[in-house]
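Source file: structure_12.cif; contents: mmCIF, C-alpha atoms.
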data_protein
#
loop_
_atom_site.label_atom_id
_atom_site.label_comp_id
_atom_site.auth_asym_id
_atom_site.auth_seq_id
_atom_site.Cartn_x
_atom_site.Cartn_y
_atom_site.Cartn_z
CA MET P 1 32.37 -21.93 -22.41
CA PRO P 2 31.50 -18.34 -21.38
CA SER P 3 30.84 -17.68 -17.71
CA ALA P 4 27.50 -16.42 -16.40
CA PRO P 5 27.13 -12.68 -15.83
CA LYS P 6 27.84 -11.49 -12.29
CA PRO P 7 24.81 -9.84 -10.69
CA ARG P 8 25.01 -6.47 -8.99
CA GLU P 9 26.15 -6.85 -5.41
CA ALA P 10 22.98 -5.20 -4.08
CA VAL P 11 20.78 -7.69 -5.94
CA GLU P 12 22.91 -10.66 -4.92
CA ARG P 13 22.57 -9.74 -1.25
CA MET P 14 18.78 -9.32 -1.37
CA ALA P 15 16.43 -11.97 -0.08
CA PRO P 16 13.83 -12.87 -2.75
CA TYR P 17 10.29 -11.63 -2.22
CA ASN P 18 7.89 -14.48 -2.93
CA PRO P 19 4.37 -13.60 -1.77
CA PRO P 20 1.94 -16.56 -1.63
CA LEU P 21 -0.14 -15.48 -4.61
CA GLU P 22 -0.83 -18.77 -6.38
CA GLY P 23 -4.03 -20.78 -6.08
CA ARG P 24 -6.05 -18.00 -4.41
CA ARG P 25 -8.93 -17.45 -6.82
CA GLU P 26 -11.17 -20.23 -5.52
CA LYS P 27 -10.85 -19.19 -1.88
CA LEU P 28 -12.09 -16.24 0.20
CA ARG P 29 -9.14 -13.87 -0.24
CA LEU P 30 -8.70 -12.04 3.05
CA ASP P 31 -4.89 -12.08 2.89
CA PHE P 32 -3.77 -9.22 0.59
CA ASN P 33 -6.16 -6.38 1.47
CA GLU P 34 -7.80 -6.42 -1.95
CA ASN P 35 -11.36 -5.26 -2.58
CA VAL P 36 -12.87 -8.73 -2.38
CA GLU P 37 -16.08 -7.61 -4.12
CA GLY P 38 -14.15 -6.37 -7.15
CA CYS P 39 -14.05 -3.20 -9.20
CA SER P 40 -16.84 -0.84 -10.20
CA PRO P 41 -19.15 -2.04 -13.02
CA ALA P 42 -17.96 1.07 -14.89
CA VAL P 43 -14.49 -0.47 -15.05
CA LEU P 44 -15.89 -3.68 -16.52
CA ARG P 45 -17.72 -1.66 -19.17
CA VAL P 46 -14.43 -0.04 -20.18
CA LEU P 47 -12.78 -3.43 -20.51
CA ARG P 48 -15.67 -4.72 -22.59
CA ASP P 49 -16.10 -1.71 -24.87
CA THR P 50 -12.57 -0.27 -25.23
CA ALA P 51 -10.39 -3.26 -25.99
CA THR P 52 -10.56 -3.00 -29.78
CA ARG P 53 -7.73 -4.11 -32.05
CA GLY P 54 -6.84 -0.50 -32.87
CA PHE P 55 -6.84 0.55 -29.22
CA ILE P 56 -4.59 -2.30 -28.13
CA SER P 57 -2.15 -1.82 -31.01
CA THR P 58 -1.54 1.85 -30.12
CA TYR P 59 0.92 3.10 -27.48
CA PRO P 60 -0.69 4.58 -24.35
CA GLU P 61 -1.47 8.29 -24.00
CA TYR P 62 -1.31 9.84 -20.55
CA SER P 63 -1.97 13.59 -20.75
CA LYS P 64 -5.75 13.48 -20.24
CA ALA P 65 -5.38 10.95 -17.46
CA ARG P 66 -2.81 13.11 -15.66
CA ARG P 67 -5.16 16.09 -15.84
CA ARG P 68 -8.04 14.05 -14.46
CA LEU P 69 -5.90 12.49 -11.73
CA GLY P 70 -4.55 15.91 -10.80
CA THR P 71 -8.09 17.21 -10.39
CA HIS P 72 -9.01 14.12 -8.37
CA LEU P 73 -6.08 14.68 -6.00
CA GLY P 74 -6.32 18.46 -5.93
CA VAL P 75 -2.97 19.08 -7.65
CA GLY P 76 -1.84 20.18 -11.10
CA GLU P 77 -1.40 17.74 -13.98
CA ASP P 78 2.36 18.38 -13.84
CA GLN P 79 2.37 17.28 -10.21
CA VAL P 80 1.27 13.70 -10.83
CA ILE P 81 2.55 10.63 -12.65
CA MET P 82 1.31 7.07 -12.93
CA GLY P 83 3.12 3.80 -12.45
CA ALA P 84 2.44 0.07 -12.56
CA GLY P 85 1.06 0.00 -9.03
CA THR P 86 2.35 1.80 -5.95
CA ASP P 87 5.36 -0.51 -6.13
CA GLU P 88 6.55 1.07 -9.36
CA VAL P 89 6.23 4.67 -8.19
CA ILE P 90 8.10 3.80 -4.97
CA SER P 91 10.82 2.28 -7.15
CA ALA P 92 10.89 5.42 -9.30
CA VAL P 93 11.46 7.64 -6.25
CA MET P 94 14.31 5.40 -5.10
CA HIS P 95 15.97 5.44 -8.51
CA ALA P 96 15.67 9.22 -8.65
CA TYR P 97 17.12 10.06 -5.23
CA VAL P 98 18.99 7.14 -3.64
CA ASP P 99 22.55 6.22 -4.58
CA PRO P 100 24.33 3.03 -3.46
CA GLY P 101 25.28 3.40 0.19
CA ASP P 102 22.65 6.04 0.94
CA GLU P 103 20.27 5.44 3.83
CA VAL P 104 16.48 5.31 3.68
CA VAL P 105 14.63 5.62 7.00
CA ILE P 106 11.62 3.29 7.29
CA PRO P 107 9.42 2.49 10.32
CA ASP P 108 9.31 -1.23 11.05
CA PRO P 109 7.26 -3.34 10.56
CA SER P 110 5.81 -1.84 7.39
CA PHE P 111 5.11 -2.47 3.71
CA SER P 112 7.98 -4.72 2.69
CA MET P 113 8.42 -3.09 -0.74
CA LEU P 114 9.80 0.06 0.89
CA ALA P 115 12.91 -1.79 2.05
CA PHE P 116 12.92 -3.99 -1.08
CA TYR P 117 13.29 -1.08 -3.51
CA THR P 118 15.78 0.63 -1.21
CA GLN P 119 18.00 -2.44 -1.41
CA LEU P 120 17.43 -2.83 -5.14
CA VAL P 121 19.15 0.50 -5.84
CA GLY P 122 21.94 -0.31 -3.39
CA GLY P 123 20.55 1.82 -0.57
CA ILE P 124 20.60 0.84 3.08
CA PRO P 125 17.25 0.54 4.91
CA ARG P 126 17.49 2.22 8.32
CA LEU P 127 14.66 0.47 10.12
CA VAL P 128 13.10 2.33 13.06
CA PRO P 129 10.92 0.10 15.25
CA TYR P 130 7.39 1.13 16.12
CA ARG P 131 7.08 1.73 19.85
CA GLY P 132 6.34 -1.30 21.99
CA ARG P 133 3.61 -3.83 21.51
CA ASP P 134 1.09 -1.06 20.84
CA PHE P 135 3.02 -0.05 17.70
CA ALA P 136 2.83 3.66 18.46
CA PHE P 137 4.28 5.77 15.66
CA PRO P 138 7.97 6.55 16.39
CA ALA P 139 8.11 10.17 15.22
CA ARG P 140 10.96 11.22 17.54
CA GLU P 141 12.98 8.14 16.67
CA ILE P 142 12.57 8.72 12.94
CA ILE P 143 13.77 12.31 13.28
CA ARG P 144 16.77 11.17 15.32
CA ALA P 145 17.58 8.56 12.65
CA VAL P 146 18.05 11.23 9.97
CA GLY P 147 21.77 11.64 9.34
CA PRO P 148 24.24 12.84 6.71
CA ARG P 149 23.69 9.69 4.61
CA THR P 150 19.87 9.86 4.69
CA ARG P 151 18.36 10.51 1.27
CA ALA P 152 14.78 9.41 1.83
CA ILE P 153 12.18 8.60 4.47
CA CYS P 154 9.32 6.24 3.57
CA ILE P 155 6.20 5.97 5.72
CA ALA P 156 3.02 4.02 5.06
CA THR P 157 -0.08 5.64 6.56
CA PRO P 158 -2.27 3.77 7.41
CA ASN P 159 0.55 1.35 8.01
CA ASN P 160 0.48 -2.22 6.78
CA PRO P 161 0.33 -4.53 8.74
CA THR P 162 -0.29 -2.64 11.99
CA GLY P 163 -3.12 -0.38 10.78
CA GLY P 164 -1.91 2.72 12.60
CA VAL P 165 -1.40 6.25 11.25
CA LEU P 166 0.65 9.31 12.05
CA SER P 167 -0.82 12.74 12.62
CA LEU P 168 -0.40 15.74 10.33
CA HIS P 169 1.64 17.39 13.07
CA GLN P 170 4.02 14.42 13.21
CA ALA P 171 4.30 14.50 9.41
CA GLU P 172 5.15 18.20 9.50
CA ARG P 173 7.88 17.64 12.08
CA ILE P 174 9.43 14.88 9.98
CA LEU P 175 9.27 16.95 6.78
CA GLU P 176 10.93 19.88 8.55
CA ALA P 177 13.69 17.68 9.96
CA ALA P 178 14.36 15.93 6.63
CA ASP P 179 16.04 18.84 4.87
CA GLY P 180 17.20 17.72 1.43
CA CYS P 181 15.59 14.28 1.78
CA ALA P 182 12.67 12.84 -0.16
CA VAL P 183 9.84 12.06 2.27
CA LEU P 184 7.39 9.58 0.76
CA PHE P 185 4.02 8.83 2.34
CA ASP P 186 2.41 5.67 0.97
CA GLU P 187 -1.34 6.27 1.25
CA ALA P 188 -2.50 2.98 -0.26
CA TYR P 189 -5.29 2.75 2.34
CA PHE P 190 -6.24 6.44 2.28
CA ASP P 191 -9.87 5.72 1.30
CA PHE P 192 -10.46 3.85 4.58
CA HIS P 193 -8.80 6.57 6.68
CA GLY P 194 -9.69 9.82 4.92
CA GLU P 195 -6.72 11.94 6.00
CA SER P 196 -4.00 12.76 3.46
CA MET P 197 -0.66 14.55 3.46
CA LEU P 198 -1.40 16.10 0.05
CA GLY P 199 -2.48 19.38 1.64
CA LEU P 200 1.09 19.88 2.86
CA LEU P 201 2.53 20.04 -0.68
CA PRO P 202 2.53 23.86 -0.95
CA ARG P 203 4.69 24.11 2.18
CA PHE P 204 7.10 21.21 1.76
CA PRO P 205 9.20 20.75 -1.40
CA ASN P 206 10.48 17.38 -0.14
CA LEU P 207 7.03 15.73 0.08
CA PHE P 208 5.87 12.82 -2.10
CA VAL P 209 2.51 11.03 -1.79
CA ALA P 210 1.69 7.65 -3.36
CA ARG P 211 -1.80 6.26 -3.98
CA THR P 212 -3.05 3.05 -5.56
CA PHE P 213 -6.07 1.63 -7.38
CA SER P 214 -5.34 -1.84 -5.96
CA LYS P 215 -7.24 -1.54 -2.67
CA ALA P 216 -10.54 0.34 -2.38
CA TYR P 217 -10.94 0.52 -6.17
CA GLY P 218 -10.59 -3.24 -6.65
CA MET P 219 -8.11 -3.04 -9.55
CA ALA P 220 -5.07 -4.93 -8.20
CA GLY P 221 -4.82 -7.02 -11.35
CA LEU P 222 -4.58 -3.95 -13.62
CA ARG P 223 -1.55 -2.52 -11.75
CA ILE P 224 -1.90 1.23 -11.56
CA GLY P 225 -0.56 3.61 -8.92
CA VAL P 226 -0.09 7.37 -8.67
CA LEU P 227 2.65 9.63 -7.32
CA ALA P 228 2.07 13.30 -6.44
CA SER P 229 4.66 15.94 -5.53
CA ARG P 230 5.94 19.34 -6.60
CA ALA P 231 6.13 19.70 -10.39
CA GLU P 232 9.94 19.92 -10.35
CA ASN P 233 10.17 16.69 -8.35
CA ILE P 234 7.78 14.87 -10.67
CA ALA P 235 9.87 15.95 -13.66
CA ILE P 236 12.94 14.38 -12.02
CA VAL P 237 11.21 11.13 -11.05
CA GLN P 238 9.68 10.81 -14.51
CA LYS P 239 13.13 10.77 -16.09
CA GLY P 240 13.76 7.31 -14.68
CA GLN P 241 10.42 5.84 -15.69
CA SER P 242 9.56 3.85 -18.76
CA PRO P 243 7.65 6.16 -21.13
CA TYR P 244 4.94 3.47 -21.54
CA GLY P 245 4.97 1.76 -18.14
CA VAL P 246 1.20 1.76 -17.58
CA ASN P 247 -0.94 0.03 -20.17
CA SER P 248 -3.78 1.79 -22.00
CA LEU P 249 -6.57 -0.29 -20.53
CA ALA P 250 -5.39 0.33 -16.97
CA VAL P 251 -5.39 4.09 -17.62
CA ARG P 252 -8.92 4.05 -19.07
CA CYS P 253 -10.15 1.88 -16.22
CA ALA P 254 -8.66 4.20 -13.61
CA MET P 255 -10.49 7.14 -15.17
CA ALA P 256 -13.77 5.21 -15.06
CA ALA P 257 -13.15 4.18 -11.47
CA ILE P 258 -12.69 7.71 -10.13
CA GLU P 259 -15.86 8.83 -11.92
CA ASP P 260 -17.85 6.19 -10.01
CA GLU P 261 -17.22 7.67 -6.58
CA ALA P 262 -20.46 6.26 -5.19
CA TYR P 263 -19.22 2.70 -5.71
CA VAL P 264 -16.04 3.30 -3.71
CA ARG P 265 -17.89 5.20 -0.97
CA ASN P 266 -20.38 2.37 -0.55
CA TYR P 267 -17.66 -0.27 -0.41
CA VAL P 268 -15.63 1.72 2.10
CA ARG P 269 -18.69 2.31 4.28
CA GLU P 270 -19.49 -1.41 4.37
CA ALA P 271 -15.86 -2.32 5.09
CA LEU P 272 -15.69 0.11 8.01
CA GLN P 273 -18.91 -1.28 9.46
CA ALA P 274 -17.58 -4.82 9.10
CA ARG P 275 -14.28 -3.77 10.72
CA GLU P 276 -16.15 -2.46 13.76
CA ILE P 277 -18.14 -5.69 14.12
CA LEU P 278 -15.05 -7.84 13.58
CA CYS P 279 -13.13 -5.98 16.30
CA ARG P 280 -16.07 -6.20 18.70
CA THR P 281 -16.26 -9.95 18.13
CA LEU P 282 -12.51 -10.37 18.67
CA ASP P 283 -12.99 -8.60 22.00
CA GLU P 284 -15.75 -11.05 22.91
CA LEU P 285 -13.48 -13.97 21.97
CA GLY P 286 -10.65 -12.60 24.11
CA ILE P 287 -8.38 -12.17 21.09
CA ARG P 288 -6.10 -9.16 21.18
CA TYR P 289 -6.04 -6.92 18.10
CA TRP P 290 -4.49 -3.62 17.12
CA PRO P 291 -6.83 -0.72 16.20
CA SER P 292 -6.72 -0.19 12.44
CA ARG P 293 -7.50 2.68 10.08
CA GLY P 294 -7.18 0.45 7.01
CA ASN P 295 -9.29 -2.33 5.48
CA PHE P 296 -7.54 -4.95 7.59
CA VAL P 297 -6.97 -5.88 11.22
CA LEU P 298 -3.82 -7.28 12.81
CA PHE P 299 -4.61 -9.66 15.67
CA GLU P 300 -2.82 -12.06 17.98
CA LEU P 301 -3.17 -15.84 17.78
CA GLY P 302 -0.15 -16.87 19.84
CA GLU P 303 2.30 -19.66 19.09
CA GLY P 304 -0.23 -21.49 16.92
CA SER P 305 -0.63 -18.62 14.46
CA ARG P 306 0.94 -20.38 11.50
CA GLN P 307 -1.06 -23.56 12.08
CA ILE P 308 -4.34 -21.67 12.49
CA CYS P 309 -3.73 -19.79 9.23
CA SER P 310 -3.05 -23.12 7.53
CA GLU P 311 -6.26 -24.65 8.87
CA LEU P 312 -8.27 -21.64 7.77
CA SER P 313 -6.76 -21.97 4.30
CA ALA P 314 -7.78 -25.62 4.19
CA SER P 315 -11.35 -24.51 4.95
CA GLY P 316 -11.24 -22.04 2.05
CA ILE P 317 -10.37 -18.81 3.87
CA LEU P 318 -7.04 -17.05 3.35
CA ILE P 319 -5.59 -14.67 5.92
CA ARG P 320 -1.96 -13.51 6.19
CA ASP P 321 0.30 -15.04 8.81
CA GLN P 322 2.55 -12.29 10.22
CA SER P 323 4.38 -14.36 12.83
CA SER P 324 7.74 -14.08 11.04
CA ARG P 325 7.66 -10.33 11.71
CA ILE P 326 5.35 -10.06 14.73
CA PRO P 327 5.36 -13.19 16.91
CA GLY P 328 1.94 -14.83 17.08
CA ALA P 329 0.23 -12.30 14.81
CA ALA P 330 -1.98 -12.61 11.73
CA ARG P 331 -3.73 -10.08 9.51
CA VAL P 332 -7.20 -10.33 8.02
CA THR P 333 -8.67 -8.17 5.26
CA VAL P 334 -12.01 -6.51 6.00
CA GLY P 335 -14.60 -6.05 3.27
CA PRO P 336 -18.30 -6.94 3.13
CA LEU P 337 -19.88 -7.99 6.42
CA LYS P 338 -20.78 -11.43 5.04
CA HIS P 339 -17.08 -12.20 4.58
CA ALA P 340 -16.23 -11.03 8.09
CA VAL P 341 -18.96 -13.27 9.49
CA ARG P 342 -17.68 -16.25 7.51
CA PHE P 343 -14.14 -15.63 8.75
CA LEU P 344 -15.21 -15.27 12.38
CA THR P 345 -17.29 -18.47 12.21
CA ALA P 346 -14.30 -20.39 10.85
CA LEU P 347 -11.96 -18.81 13.40
CA ARG P 348 -14.21 -19.97 16.23
CA GLU P 349 -14.20 -23.50 14.85
CA VAL P 350 -10.44 -23.64 14.38
CA THR P 351 -9.54 -22.10 17.74
CA GLY P 352 -12.38 -23.69 19.74
CA ARG P 353 -13.44 -20.32 21.23
#

Would you put the structure from the file into structure tokens?
Amino acid sequence: MPSAPKPREAVERMAPYNPPLEGRREKLRLDFNENVEGCSPAVLRVLRDTATRGFISTYPEYSKARRRLGTHLGVGEDQVIMGAGTDEVISAVMHAYVDPGDEVVIPDPSFSMLAFYTQLVGGIPRLVPYRGRDFAFPAREIIRAVGPRTRAICIATPNNPTGGVLSLHQAERILEAADGCAVLFDEAYFDFHGESMLGLLPRFPNLFVARTFSKAYGMAGLRIGVLASRAENIAIVQKGQSPYGVNSLAVRCAMAAIEDEAYVRNYVREALQAREILCRTLDELGIRYWPSRGNFVLFELGEGSRQICSELSASGILIRDQSSRIPGAARVTVGPLKHAVRFLTALREVTGR
């Protein structure tokens, strides 16, 4: 009887990532920061009109999409590539620059996939805690953490789950200190914040910026993300990608989505208004929260956080318990005002406030 194959040591050591994604469709999904209204009608028209037998049986083409995405981001077509969600472009950067035993500096807590893909390639996550209970951005600490084994720095801005951002000045200081390191800014929630690091590309050859269509654009199920950098960096990262990693329908839908800018602007505007009202109501209820620049708010429920999240789920409302990383904390997605009102009504009932 042959023995089973031995997994790579890095994979064997990793804890599995099992997000609670099953059985969500019939509930109010305020747990994964999706656009809970859904994608633009223009995207649905593409799905309806484009999915012919001939289209589906042909391998994807990317050149036109890269030109359009480059224009959308203000960079050249040779400065951008697509991937199956932000996850895949983060993975591509890790595979391009991080060898086993190399260190990747990551603020903590943050998007868990940053550490996940570091470990997957055998790298070592060097976690730098946010400052105190206010989760101030630890710029000085990140710079001090850069050492001879550092190959990359990964920063989400706005940060998930805390909602905070770093300034352009802080970004510049980190880029200057990270000589020879890839510095990746995950801007998944850019549309709700409005400030990007892309303008720094002409000055910093070590800068990478990731964007996604999963949040403001409402296309999480289609899995498409974007990576921008210097052309020579993109050429390197692209070497490690599958040549057909993003499906044809996702590409066409992304092009339709960025043409319908009014839809995204309207959704973002409503989400920001709802976020303001939600935070004001949390103040009235005496519930602490952390100021957010994303489409979500992290707030404090105390020792009963897990139970409260469970009771809300039973009532048909999903939020994300964060107590395993931040004691007593939970995160709620913000979208249309009607959803925020429904959540706050249920929260009052569950907590008795």

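Close contacts of Ala220 of chain P, defined as residues with an atom at most 8 Å away when counting all atoms listed in the file, with chain neighbours fewer than 4 positions off set aside, comprise Glu34, Gly85, Phe213, Ser214, Lys215 and Ile224 of chain P.
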
Legend entry - Explicit residue set for the PyMOL selection byres ((chain P and resi 302-315) around 7), as a count of residues only: 13

Which residues are near segment 234-239 of chain P? Cut-off 8 Å, all atoms listed in the file, ignore same chain within fewer than 5 positions. Put them as a PDB file with C-alpha atoms, in the frame of the given file.
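Wrote it out as out00.pdb, contents follow:
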ATOM      1  CA  ASP P  78       2.360  18.380 -13.840  1.00  0.00           C
ATOM      2  CA  GLN P  79       2.370  17.280 -10.210  1.00  0.00           C
ATOM      3  CA  VAL P  80       1.270  13.700 -10.830  1.00  0.00           C
ATOM      4  CA  ILE P  81       2.550  10.630 -12.650  1.00  0.00           C
ATOM      5  CA  ALA P  92      10.890   5.420  -9.300  1.00  0.00           C
ATOM      6  CA  VAL P  93      11.460   7.640  -6.250  1.00  0.00           C
ATOM      7  CA  HIS P  95      15.970   5.440  -8.510  1.00  0.00           C
ATOM      8  CA  ALA P  96      15.670   9.220  -8.650  1.00  0.00           C
ATOM      9  CA  ALA P 228       2.070  13.300  -6.440  1.00  0.00           C
ATOM     10  CA  SER P 229       4.660  15.940  -5.530  1.00  0.00           C
TER      11      SER P 229
END

Inset, instruction - Compile the contact shell of Pro107 of chain P as a PyMOL selection string: residues with an atom at most 8 Å away, counting all atoms listed in the file, same-chain residues fewer than 4 positions apart removed. - result: chain P and resi 127-130+138+142+154-155

Inset, instruction - Let me know the residues the PyMOL selection byres ((chain P and resi 252) around 12) catches in the file above, as number ranges by chain. - result: P: 42-51, 55-56, 60-66, 68-69, 219, 222, 224, 246-251, 253-259

Inset, instruction - Give the answer as one residue: which of P:Tyr267, P:Phe299, P:Tyr59, P:Tyr289 has the shortest atom-to-atom distance to Pro336 of chain P, using only C-alpha atoms? - result: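 Answer, going by the shortest atom-to-atom distance: P:Tyr267.
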
Report as CSV the residues of segment 247-299 of chain P within 7 Å of segment 191-196 of chain P, each with its shortest atom pair and distance in Å (one decimal), using all atoms listed in the file, ordered by chain and increasing residue number.
residue,atom,partner,partner_atom,distance
P:Val268,CA,P:Phe192,CA,6.1
P:Arg293,CA,P:His193,CA,5.3
P:Gly294,CA,P:Phe192,CA,5.3
P:Asn295,CA,P:Phe192,CA,6.4

Please produce a file of those selected residues containing C-alpha atoms, as a compact mmCIF listing (two decimals), keeping the file's coordinate frame.
# COMPACT_ATOMS: atom_id res chain seq x y z
CA VAL P 268 -15.63 1.72 2.10
CA ARG P 293 -7.50 2.68 10.08
CA GLY P 294 -7.18 0.45 7.01
CA ASN P 295 -9.29 -2.33 5.48

Near Pro291 of chain P, within 9 Å and counting all atoms listed in the file, which residues show up once chain neighbours fewer than 3 positions away are dropped, as a PDB file with C-alpha atoms, keeping the file's coordinate frame?
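part_18.pdb was written with the following content:
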ATOM      1  CA  THR P 162      -0.290  -2.640  11.990  1.00  0.00           C
ATOM      2  CA  GLY P 163      -3.120  -0.380  10.780  1.00  0.00           C
ATOM      3  CA  GLY P 164      -1.910   2.720  12.600  1.00  0.00           C
ATOM      4  CA  CYS P 279     -13.130  -5.980  16.300  1.00  0.00           C
ATOM      5  CA  VAL P 297      -6.970  -5.880  11.220  1.00  0.00           C
ATOM      6  CA  LEU P 298      -3.820  -7.280  12.810  1.00  0.00           C
TER       7      LEU P 298
END

Legend entry - Explicit residue set for the PyMOL selection byres ((chain P and resi 39) around 7), as a PyMOL selection string: chain P and resi 38+40-41+43+217-219

How would the residues just picked look written out with C-alpha atoms as a PDB file, in the coordinates of the input?
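To be explicit, this is the file written out as result_34.pdb:
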ATOM      1  CA  GLY P  38     -14.150  -6.370  -7.150  1.00  0.00           C
ATOM      2  CA  SER P  40     -16.840  -0.840 -10.200  1.00  0.00           C
ATOM      3  CA  PRO P  41     -19.150  -2.040 -13.020  1.00  0.00           C
ATOM      4  CA  VAL P  43     -14.490  -0.470 -15.050  1.00  0.00           C
ATOM      5  CA  TYR P 217     -10.940   0.520  -6.170  1.00  0.00           C
ATOM      6  CA  GLY P 218     -10.590  -3.240  -6.650  1.00  0.00           C
ATOM      7  CA  MET P 219      -8.110  -3.040  -9.550  1.00  0.00           C
TER       8      MET P 219
END

Legend entry - Who sits within 12 Å of Ala171 of chain P, all atoms listed in the file, same chain under 4 positions skipped, as a ChimeraX atom specification: /P:137-140,142-143,153-157,165-167,175-178,183-185,195-201,204,206-209

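Restricting the calculation to all atoms listed in the file, the smallest distance between Cys181 of chain P and any of P:Asp134, P:Glu12, P:Asp102, P:Glu77 is found for P:Asp102.
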
Inset, instruction - Work out how far atom CA of Phe190 of chain P is from atom CA of Arg230 of chain P, in Å to one decimal. - result: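 Here the two named atoms are 19.8 Å from each other.
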
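The space separating atom CA of Glu276 of chain P from atom CA of Gly221 of chain P comes to 27.9 Å.
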
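Using only C-alpha atoms, the nearest neighbour of Thr333 of chain P within the list P:Gly122, P:Pro161, P:Gly286, P:Pro16 is P:Pro161.
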
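Proximity of P:Ser324, P:Ser242, P:Thr345, P:Gln119 to Arg8 of chain P, computed with only C-alpha atoms, is greatest for P:Gln119.
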
Legend entry - Selected residue, from P:Ala210, P:Arg133, P:Gly352, P:Asp260, that lies nearest to Trp290 of chain P when counting all atoms listed in the file: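 Of the candidates, the smallest distance to Trp290 of chain P is held by P:Arg133.
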